[in-house]
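Source file model.tsv; content: TSV, N, CA and C atoms.
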```tsv
chain	number	residue	atom	x	y	z
C	1	MET	N	51.58	-47.55	190.59
C	1	MET	CA	52.23	-48.78	190.95
C	1	MET	C	53.65	-48.78	190.38
C	2	PRO	N	54.65	-49.04	191.22
C	2	PRO	CA	56.04	-48.99	190.74
C	2	PRO	C	56.35	-50.16	189.81
C	3	VAL	N	57.24	-49.89	188.88
C	3	VAL	CA	57.69	-50.91	187.95
C	3	VAL	C	58.72	-51.78	188.66
C	4	PRO	N	58.57	-53.12	188.62
C	4	PRO	CA	59.55	-53.98	189.29
C	4	PRO	C	60.91	-53.91	188.59
C	5	ARG	N	61.95	-53.92	189.39
C	5	ARG	CA	63.31	-53.89	188.84
C	5	ARG	C	63.71	-55.30	188.45
C	6	PRO	N	64.44	-55.44	187.35
C	6	PRO	CA	64.93	-56.78	187.00
C	6	PRO	C	66.02	-57.22	187.97
C	7	THR	N	66.02	-58.49	188.27
C	7	THR	CA	67.03	-59.04	189.17
C	7	THR	C	68.29	-59.36	188.38
C	8	ASN	N	69.42	-59.01	188.94
C	8	ASN	CA	70.71	-59.29	188.32
C	8	ASN	C	70.91	-60.80	188.23
C	9	GLY	N	71.17	-61.29	187.03
C	9	GLY	CA	71.34	-62.72	186.81
C	9	GLY	C	72.55	-63.30	187.52
C	10	LEU	N	73.62	-62.50	187.64
C	10	LEU	CA	74.81	-62.98	188.33
C	10	LEU	C	74.55	-63.17	189.83
C	11	ALA	N	73.65	-62.37	190.38
C	11	ALA	CA	73.30	-62.52	191.79
C	11	ALA	C	72.61	-63.86	192.02
C	12	VAL	N	71.71	-64.20	191.11
C	12	VAL	CA	71.02	-65.50	191.21
C	12	VAL	C	72.03	-66.63	191.03
C	13	ALA	N	72.90	-66.50	190.04
C	13	ALA	CA	73.92	-67.52	189.79
C	13	ALA	C	74.86	-67.67	190.98
C	14	SER	N	75.15	-66.58	191.66
C	14	SER	CA	76.00	-66.63	192.84
C	14	SER	C	75.39	-67.49	193.93
C	15	LEU	N	74.12	-67.25	194.21
C	15	LEU	CA	73.46	-68.03	195.25
C	15	LEU	C	73.30	-69.48	194.84
C	16	VAL	N	72.99	-69.72	193.59
C	16	VAL	CA	72.84	-71.11	193.10
C	16	VAL	C	74.16	-71.86	193.21
C	17	CYS	N	75.26	-71.23	192.81
C	17	CYS	CA	76.57	-71.88	192.90
C	17	CYS	C	76.97	-72.14	194.35
C	18	SER	N	76.72	-71.18	195.21
C	18	SER	CA	77.10	-71.35	196.61
C	18	SER	C	76.28	-72.45	197.28
C	19	VAL	N	74.98	-72.46	197.04
C	19	VAL	CA	74.14	-73.52	197.61
C	19	VAL	C	74.47	-74.85	196.94
C	20	GLY	N	74.77	-74.82	195.65
C	20	GLY	CA	75.19	-76.03	194.96
C	20	GLY	C	76.46	-76.61	195.54
C	21	GLY	N	77.27	-75.76	196.13
C	21	GLY	CA	78.48	-76.23	196.79
C	21	GLY	C	78.18	-77.12	197.98
C	22	ILE	N	77.02	-76.97	198.57
C	22	ILE	CA	76.62	-77.82	199.68
C	22	ILE	C	76.23	-79.20	199.17
C	23	VAL	N	75.62	-79.26	197.99
C	23	VAL	CA	75.05	-80.49	197.48
C	23	VAL	C	76.04	-81.32	196.68
C	24	ILE	N	76.86	-80.68	195.89
C	24	ILE	CA	77.76	-81.40	194.97
C	24	ILE	C	79.06	-81.73	195.70
C	25	TRP	N	79.21	-82.94	196.14
C	25	TRP	CA	80.33	-83.33	197.01
C	25	TRP	C	81.71	-83.21	196.38
C	26	PRO	N	82.01	-83.81	195.24
C	26	PRO	CA	83.42	-83.81	194.81
C	26	PRO	C	83.99	-82.44	194.49
C	27	ILE	N	83.15	-81.52	194.01
C	27	ILE	CA	83.69	-80.22	193.60
C	27	ILE	C	83.08	-79.08	194.40
C	28	TRP	N	82.64	-79.36	195.62
C	28	TRP	CA	81.93	-78.35	196.40
C	28	TRP	C	82.73	-77.11	196.69
C	29	PRO	N	84.03	-77.16	196.98
C	29	PRO	CA	84.73	-75.88	197.20
C	29	PRO	C	84.81	-75.04	195.92
C	30	LEU	N	84.91	-75.69	194.77
C	30	LEU	CA	85.03	-74.95	193.51
C	30	LEU	C	83.74	-74.21	193.17
C	31	THR	N	82.60	-74.86	193.37
C	31	THR	CA	81.34	-74.18	193.09
C	31	THR	C	81.10	-73.05	194.08
C	32	ALA	N	81.52	-73.25	195.33
C	32	ALA	CA	81.36	-72.19	196.33
C	32	ALA	C	82.26	-71.00	196.00
C	33	ILE	N	83.47	-71.25	195.55
C	33	ILE	CA	84.37	-70.16	195.16
C	33	ILE	C	83.80	-69.41	193.96
C	34	ALA	N	83.22	-70.15	193.02
C	34	ALA	CA	82.56	-69.49	191.88
C	34	ALA	C	81.40	-68.63	192.37
C	35	GLY	N	80.66	-69.11	193.35
C	35	GLY	CA	79.56	-68.34	193.92
C	35	GLY	C	80.04	-67.06	194.59
C	36	ILE	N	81.17	-67.16	195.28
C	36	ILE	CA	81.74	-65.96	195.93
C	36	ILE	C	82.15	-64.92	194.88
C	37	ILE	N	82.83	-65.37	193.85
C	37	ILE	CA	83.28	-64.45	192.80
C	37	ILE	C	82.09	-63.82	192.10
C	38	LEU	N	81.11	-64.64	191.73
C	38	LEU	CA	79.92	-64.10	191.06
C	38	LEU	C	79.17	-63.13	191.97
C	39	GLY	N	79.14	-63.42	193.26
C	39	GLY	CA	78.47	-62.55	194.21
C	39	GLY	C	79.12	-61.17	194.28
C	40	PHE	N	80.44	-61.14	194.34
C	40	PHE	CA	81.13	-59.85	194.39
C	40	PHE	C	80.95	-59.07	193.09
C	41	VAL	N	81.00	-59.77	191.95
C	41	VAL	CA	80.80	-59.10	190.67
C	41	VAL	C	79.37	-58.55	190.58
C	42	ALA	N	78.39	-59.35	190.96
C	42	ALA	CA	77.00	-58.92	190.90
C	42	ALA	C	76.75	-57.74	191.84
C	43	LYS	N	77.28	-57.81	193.05
C	43	LYS	CA	77.10	-56.72	194.01
C	43	LYS	C	77.71	-55.43	193.48
C	44	SER	N	78.86	-55.54	192.86
C	44	SER	CA	79.52	-54.37	192.28
C	44	SER	C	78.67	-53.78	191.15
C	45	MET	N	78.13	-54.64	190.29
C	45	MET	CA	77.30	-54.17	189.19
C	45	MET	C	76.03	-53.49	189.71
C	46	ILE	N	75.41	-54.09	190.71
C	46	ILE	CA	74.18	-53.53	191.27
C	46	ILE	C	74.46	-52.18	191.93
C	47	ASP	N	75.55	-52.11	192.69
C	47	ASP	CA	75.90	-50.85	193.35
C	47	ASP	C	76.24	-49.75	192.33
C	48	LYS	N	76.89	-50.15	191.23
C	48	LYS	CA	77.28	-49.17	190.22
C	48	LYS	C	76.07	-48.61	189.48
C	49	GLU	N	75.08	-49.47	189.23
C	49	GLU	CA	73.91	-49.04	188.46
C	49	GLU	C	72.82	-48.41	189.32
C	50	GLY	N	73.04	-48.33	190.59
C	50	GLY	CA	72.07	-47.70	191.47
C	50	GLY	C	70.82	-48.55	191.64
C	51	ARG	N	69.69	-47.96	191.41
C	51	ARG	CA	68.40	-48.64	191.62
C	51	ARG	C	67.88	-49.32	190.35
C	52	ALA	N	68.70	-49.45	189.33
C	52	ALA	CA	68.23	-50.01	188.06
C	52	ALA	C	68.03	-51.52	188.15
C	53	GLN	N	68.79	-52.20	189.02
C	53	GLN	CA	68.70	-53.65	189.14
C	53	GLN	C	68.49	-54.03	190.59
C	54	GLY	N	67.83	-55.16	190.77
C	54	GLY	CA	67.66	-55.72	192.10
C	54	GLY	C	68.55	-56.94	192.26
C	55	GLY	N	68.54	-57.52	193.43
C	55	GLY	CA	69.29	-58.74	193.66
C	55	GLY	C	70.50	-58.56	194.56
C	56	ARG	N	70.63	-57.38	195.19
C	56	ARG	CA	71.79	-57.15	196.06
C	56	ARG	C	71.79	-58.15	197.22
C	57	GLY	N	70.62	-58.44	197.76
C	57	GLY	CA	70.51	-59.41	198.85
C	57	GLY	C	70.89	-60.81	198.41
C	58	LEU	N	70.50	-61.17	197.19
C	58	LEU	CA	70.88	-62.48	196.66
C	58	LEU	C	72.40	-62.58	196.50
C	59	ALA	N	73.00	-61.52	196.00
C	59	ALA	CA	74.46	-61.51	195.83
C	59	ALA	C	75.15	-61.63	197.18
C	60	LEU	N	74.66	-60.89	198.16
C	60	LEU	CA	75.24	-60.95	199.50
C	60	LEU	C	75.06	-62.33	200.12
C	61	ALA	N	73.90	-62.93	199.92
C	61	ALA	CA	73.66	-64.28	200.43
C	61	ALA	C	74.59	-65.29	199.75
C	62	GLY	N	74.81	-65.12	198.46
C	62	GLY	CA	75.73	-66.01	197.74
C	62	GLY	C	77.14	-65.90	198.27
C	63	ILE	N	77.57	-64.68	198.60
C	63	ILE	CA	78.90	-64.47	199.15
C	63	ILE	C	79.02	-65.14	200.52
C	64	ILE	N	78.03	-64.91	201.38
C	64	ILE	CA	78.08	-65.45	202.74
C	64	ILE	C	78.03	-66.97	202.73
C	65	VAL	N	77.09	-67.54	201.97
C	65	VAL	CA	76.99	-69.01	201.91
C	65	VAL	C	78.26	-69.60	201.30
C	66	GLY	N	78.79	-68.95	200.28
C	66	GLY	CA	80.03	-69.44	199.66
C	66	GLY	C	81.19	-69.48	200.64
C	67	PHE	N	81.36	-68.42	201.43
C	67	PHE	CA	82.43	-68.41	202.43
C	67	PHE	C	82.21	-69.49	203.49
C	68	CYS	N	80.96	-69.70	203.88
C	68	CYS	CA	80.67	-70.76	204.87
C	68	CYS	C	81.02	-72.14	204.31
C	69	VAL	N	80.65	-72.38	203.06
C	69	VAL	CA	80.95	-73.68	202.44
C	69	VAL	C	82.45	-73.88	202.30
C	70	VAL	N	83.18	-72.85	201.90
C	70	VAL	CA	84.64	-72.96	201.79
C	70	VAL	C	85.26	-73.21	203.17
C	71	GLY	N	84.76	-72.53	204.19
C	71	GLY	CA	85.25	-72.76	205.55
C	71	GLY	C	85.02	-74.18	206.01
C	72	ILE	N	83.83	-74.70	205.75
C	72	ILE	CA	83.53	-76.08	206.12
C	72	ILE	C	84.41	-77.05	205.33
C	73	ALA	N	84.65	-76.75	204.06
C	73	ALA	CA	85.52	-77.60	203.24
C	73	ALA	C	86.94	-77.64	203.80
C	74	ILE	N	87.43	-76.50	204.24
C	74	ILE	CA	88.78	-76.46	204.82
C	74	ILE	C	88.84	-77.29	206.09
C	75	ILE	N	87.83	-77.18	206.93
C	75	ILE	CA	87.79	-77.97	208.17
C	75	ILE	C	87.72	-79.45	207.87
C	76	VAL	N	86.86	-79.85	206.92
C	76	VAL	CA	86.72	-81.26	206.57
C	76	VAL	C	88.03	-81.81	206.01
C	77	ILE	N	88.66	-81.06	205.13
C	77	ILE	CA	89.93	-81.52	204.54
C	77	ILE	C	91.00	-81.64	205.62
C	78	ALA	N	91.06	-80.68	206.55
C	78	ALA	CA	92.03	-80.74	207.63
C	78	ALA	C	91.78	-81.95	208.53
C	79	LEU	N	90.52	-82.25	208.80
C	79	LEU	CA	90.19	-83.43	209.61
C	79	LEU	C	90.55	-84.73	208.90
C	80	ILE	N	90.32	-84.78	207.59
C	80	ILE	CA	90.69	-85.98	206.83
C	80	ILE	C	92.20	-86.17	206.84
C	81	ILE	N	92.94	-85.09	206.64
C	81	ILE	CA	94.41	-85.19	206.66
C	81	ILE	C	94.90	-85.60	208.05
C	82	ALA	N	94.31	-85.01	209.10
C	82	ALA	CA	94.71	-85.36	210.46
C	82	ALA	C	94.40	-86.83	210.77
C	83	ALA	N	93.26	-87.32	210.32
C	83	ALA	CA	92.90	-88.71	210.56
C	83	ALA	C	93.82	-89.66	209.79
C	84	ALA	N	94.18	-89.27	208.57
C	84	ALA	CA	95.05	-90.11	207.74
C	84	ALA	C	96.46	-90.16	208.31
C	85	THR	N	96.96	-89.07	208.83
C	85	THR	CA	98.32	-89.06	209.36
C	85	THR	C	98.39	-89.74	210.74
C	86	SER	N	97.31	-89.67	211.52
C	86	SER	CA	97.35	-90.30	212.83
C	86	SER	C	97.15	-91.82	212.74
C	87	SER	N	96.43	-92.29	211.75
C	87	SER	CA	96.21	-93.72	211.62
C	87	SER	C	97.37	-94.43	210.93
C	88	SER	N	98.18	-93.71	210.18
C	88	SER	CA	99.28	-94.35	209.46
C	88	SER	C	100.53	-94.46	210.34
C	89	GLY	N	100.53	-93.81	211.47
C	89	GLY	CA	101.71	-93.79	212.32
C	89	GLY	C	101.71	-94.89	213.28
```
For the file at hand, write its structure as structure tokens.
Amino acid sequence: MPVPRPTNGLAVASLVCSVGGIVIWPIWPLTAIAGIILGFVAKSMIDKEGRAQGGRGLALAGIIVGFCVVGIAIIVIALIIAAATSSSG
């Protein structure tokens, strides 16, 4: 029976931060950006150490979700600015 590999903690933190960016309204882009950074660092560590650690999928999911949240934040902010400038004129 194979020994289970430990999961990289930064990979878990990446996904938690990125998903937390969906839930935490005032600072959601910041938590998503932290998730993206942690995801890239975790993925790099996992790739460097070979098969010693698991969690590459978690890191990749954290990166993808983080970019989606940042994209949605940019769209929402642009819509708010557009609505504010059109109603004040």
Computed interatomic separation between atom C of C:Ile74 and atom C of C:Ala13 (Å):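 Atom C of C:Ile74 sits 22.7 Å away from atom C of C:Ala13.
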Nearby residues (only C-alpha atoms) at most 9 Å from C:Arg5, same-chain spacing under 4 positions excluded, as a list of chain:residue names: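 In the requested format, the answer is C:Arg51, C:Ala52, C:Gln53, C:Gly54.
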Separation of atom C of C:Ile37 from atom C of C:Ile77, in Å and rounded to one decimal: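 Separation of atom C of C:Ile37 and atom C of C:Ile77: 24.1 Å.
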Point-to-point distance from atom CA of C:Gly39 to atom N of C:Val12, Å rounded to tenths: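 Calculated distance between atom CA of C:Gly39 and atom N of C:Val12 is 7.6 Å.
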Using only C-alpha atoms, find each residue of stretch 13-34 of chain C with at least one atom at most 10 Å away from an atom of stretch 67-70 of chain C; report its shortest atom-to-atom pair and that distance in Å (one decimal), sort the rows by chain and rising residue number, and return the result as CSV.
```
residue,atom,partner,partner_atom,distance
C:Ser18,CA,C:Val69,CA,7.4
C:Val19,CA,C:Val69,CA,8.4
C:Gly20,CA,C:Val69,CA,9.7
C:Gly21,CA,C:Val69,CA,6.7
C:Ile22,CA,C:Val69,CA,6.6
C:Trp28,CA,C:Val69,CA,7.7
C:Pro29,CA,C:Val70,CA,5.4
C:Leu30,CA,C:Val70,CA,8.5
C:Thr31,CA,C:Val69,CA,9.4
C:Ala32,CA,C:Val69,CA,6.3
C:Ile33,CA,C:Val70,CA,7.2
```
Restrict the selected residues to N, CA and C atoms and save them as a PDB file, keeping the file's coordinate frame.
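This is the output file selection10.pdb:
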```pdb
ATOM      1  N   SER C  18      76.720 -71.180 195.210  1.00  0.00           N
ATOM      2  CA  SER C  18      77.100 -71.350 196.610  1.00  0.00           C
ATOM      3  C   SER C  18      76.280 -72.450 197.280  1.00  0.00           C
ATOM      4  N   VAL C  19      74.980 -72.460 197.040  1.00  0.00           N
ATOM      5  CA  VAL C  19      74.140 -73.520 197.610  1.00  0.00           C
ATOM      6  C   VAL C  19      74.470 -74.850 196.940  1.00  0.00           C
ATOM      7  N   GLY C  20      74.770 -74.820 195.650  1.00  0.00           N
ATOM      8  CA  GLY C  20      75.190 -76.030 194.960  1.00  0.00           C
ATOM      9  C   GLY C  20      76.460 -76.610 195.540  1.00  0.00           C
ATOM     10  N   GLY C  21      77.270 -75.760 196.130  1.00  0.00           N
ATOM     11  CA  GLY C  21      78.480 -76.230 196.790  1.00  0.00           C
ATOM     12  C   GLY C  21      78.180 -77.120 197.980  1.00  0.00           C
ATOM     13  N   ILE C  22      77.020 -76.970 198.570  1.00  0.00           N
ATOM     14  CA  ILE C  22      76.620 -77.820 199.680  1.00  0.00           C
ATOM     15  C   ILE C  22      76.230 -79.200 199.170  1.00  0.00           C
ATOM     16  N   TRP C  28      82.640 -79.360 195.620  1.00  0.00           N
ATOM     17  CA  TRP C  28      81.930 -78.350 196.400  1.00  0.00           C
ATOM     18  C   TRP C  28      82.730 -77.110 196.690  1.00  0.00           C
ATOM     19  N   PRO C  29      84.030 -77.160 196.980  1.00  0.00           N
ATOM     20  CA  PRO C  29      84.730 -75.880 197.200  1.00  0.00           C
ATOM     21  C   PRO C  29      84.810 -75.040 195.920  1.00  0.00           C
ATOM     22  N   LEU C  30      84.910 -75.690 194.770  1.00  0.00           N
ATOM     23  CA  LEU C  30      85.030 -74.950 193.510  1.00  0.00           C
ATOM     24  C   LEU C  30      83.740 -74.210 193.170  1.00  0.00           C
ATOM     25  N   THR C  31      82.600 -74.860 193.370  1.00  0.00           N
ATOM     26  CA  THR C  31      81.340 -74.180 193.090  1.00  0.00           C
ATOM     27  C   THR C  31      81.100 -73.050 194.080  1.00  0.00           C
ATOM     28  N   ALA C  32      81.520 -73.250 195.330  1.00  0.00           N
ATOM     29  CA  ALA C  32      81.360 -72.190 196.330  1.00  0.00           C
ATOM     30  C   ALA C  32      82.260 -71.000 196.000  1.00  0.00           C
ATOM     31  N   ILE C  33      83.470 -71.250 195.550  1.00  0.00           N
ATOM     32  CA  ILE C  33      84.370 -70.160 195.160  1.00  0.00           C
ATOM     33  C   ILE C  33      83.800 -69.410 193.960  1.00  0.00           C
TER      34      ILE C  33
END
```
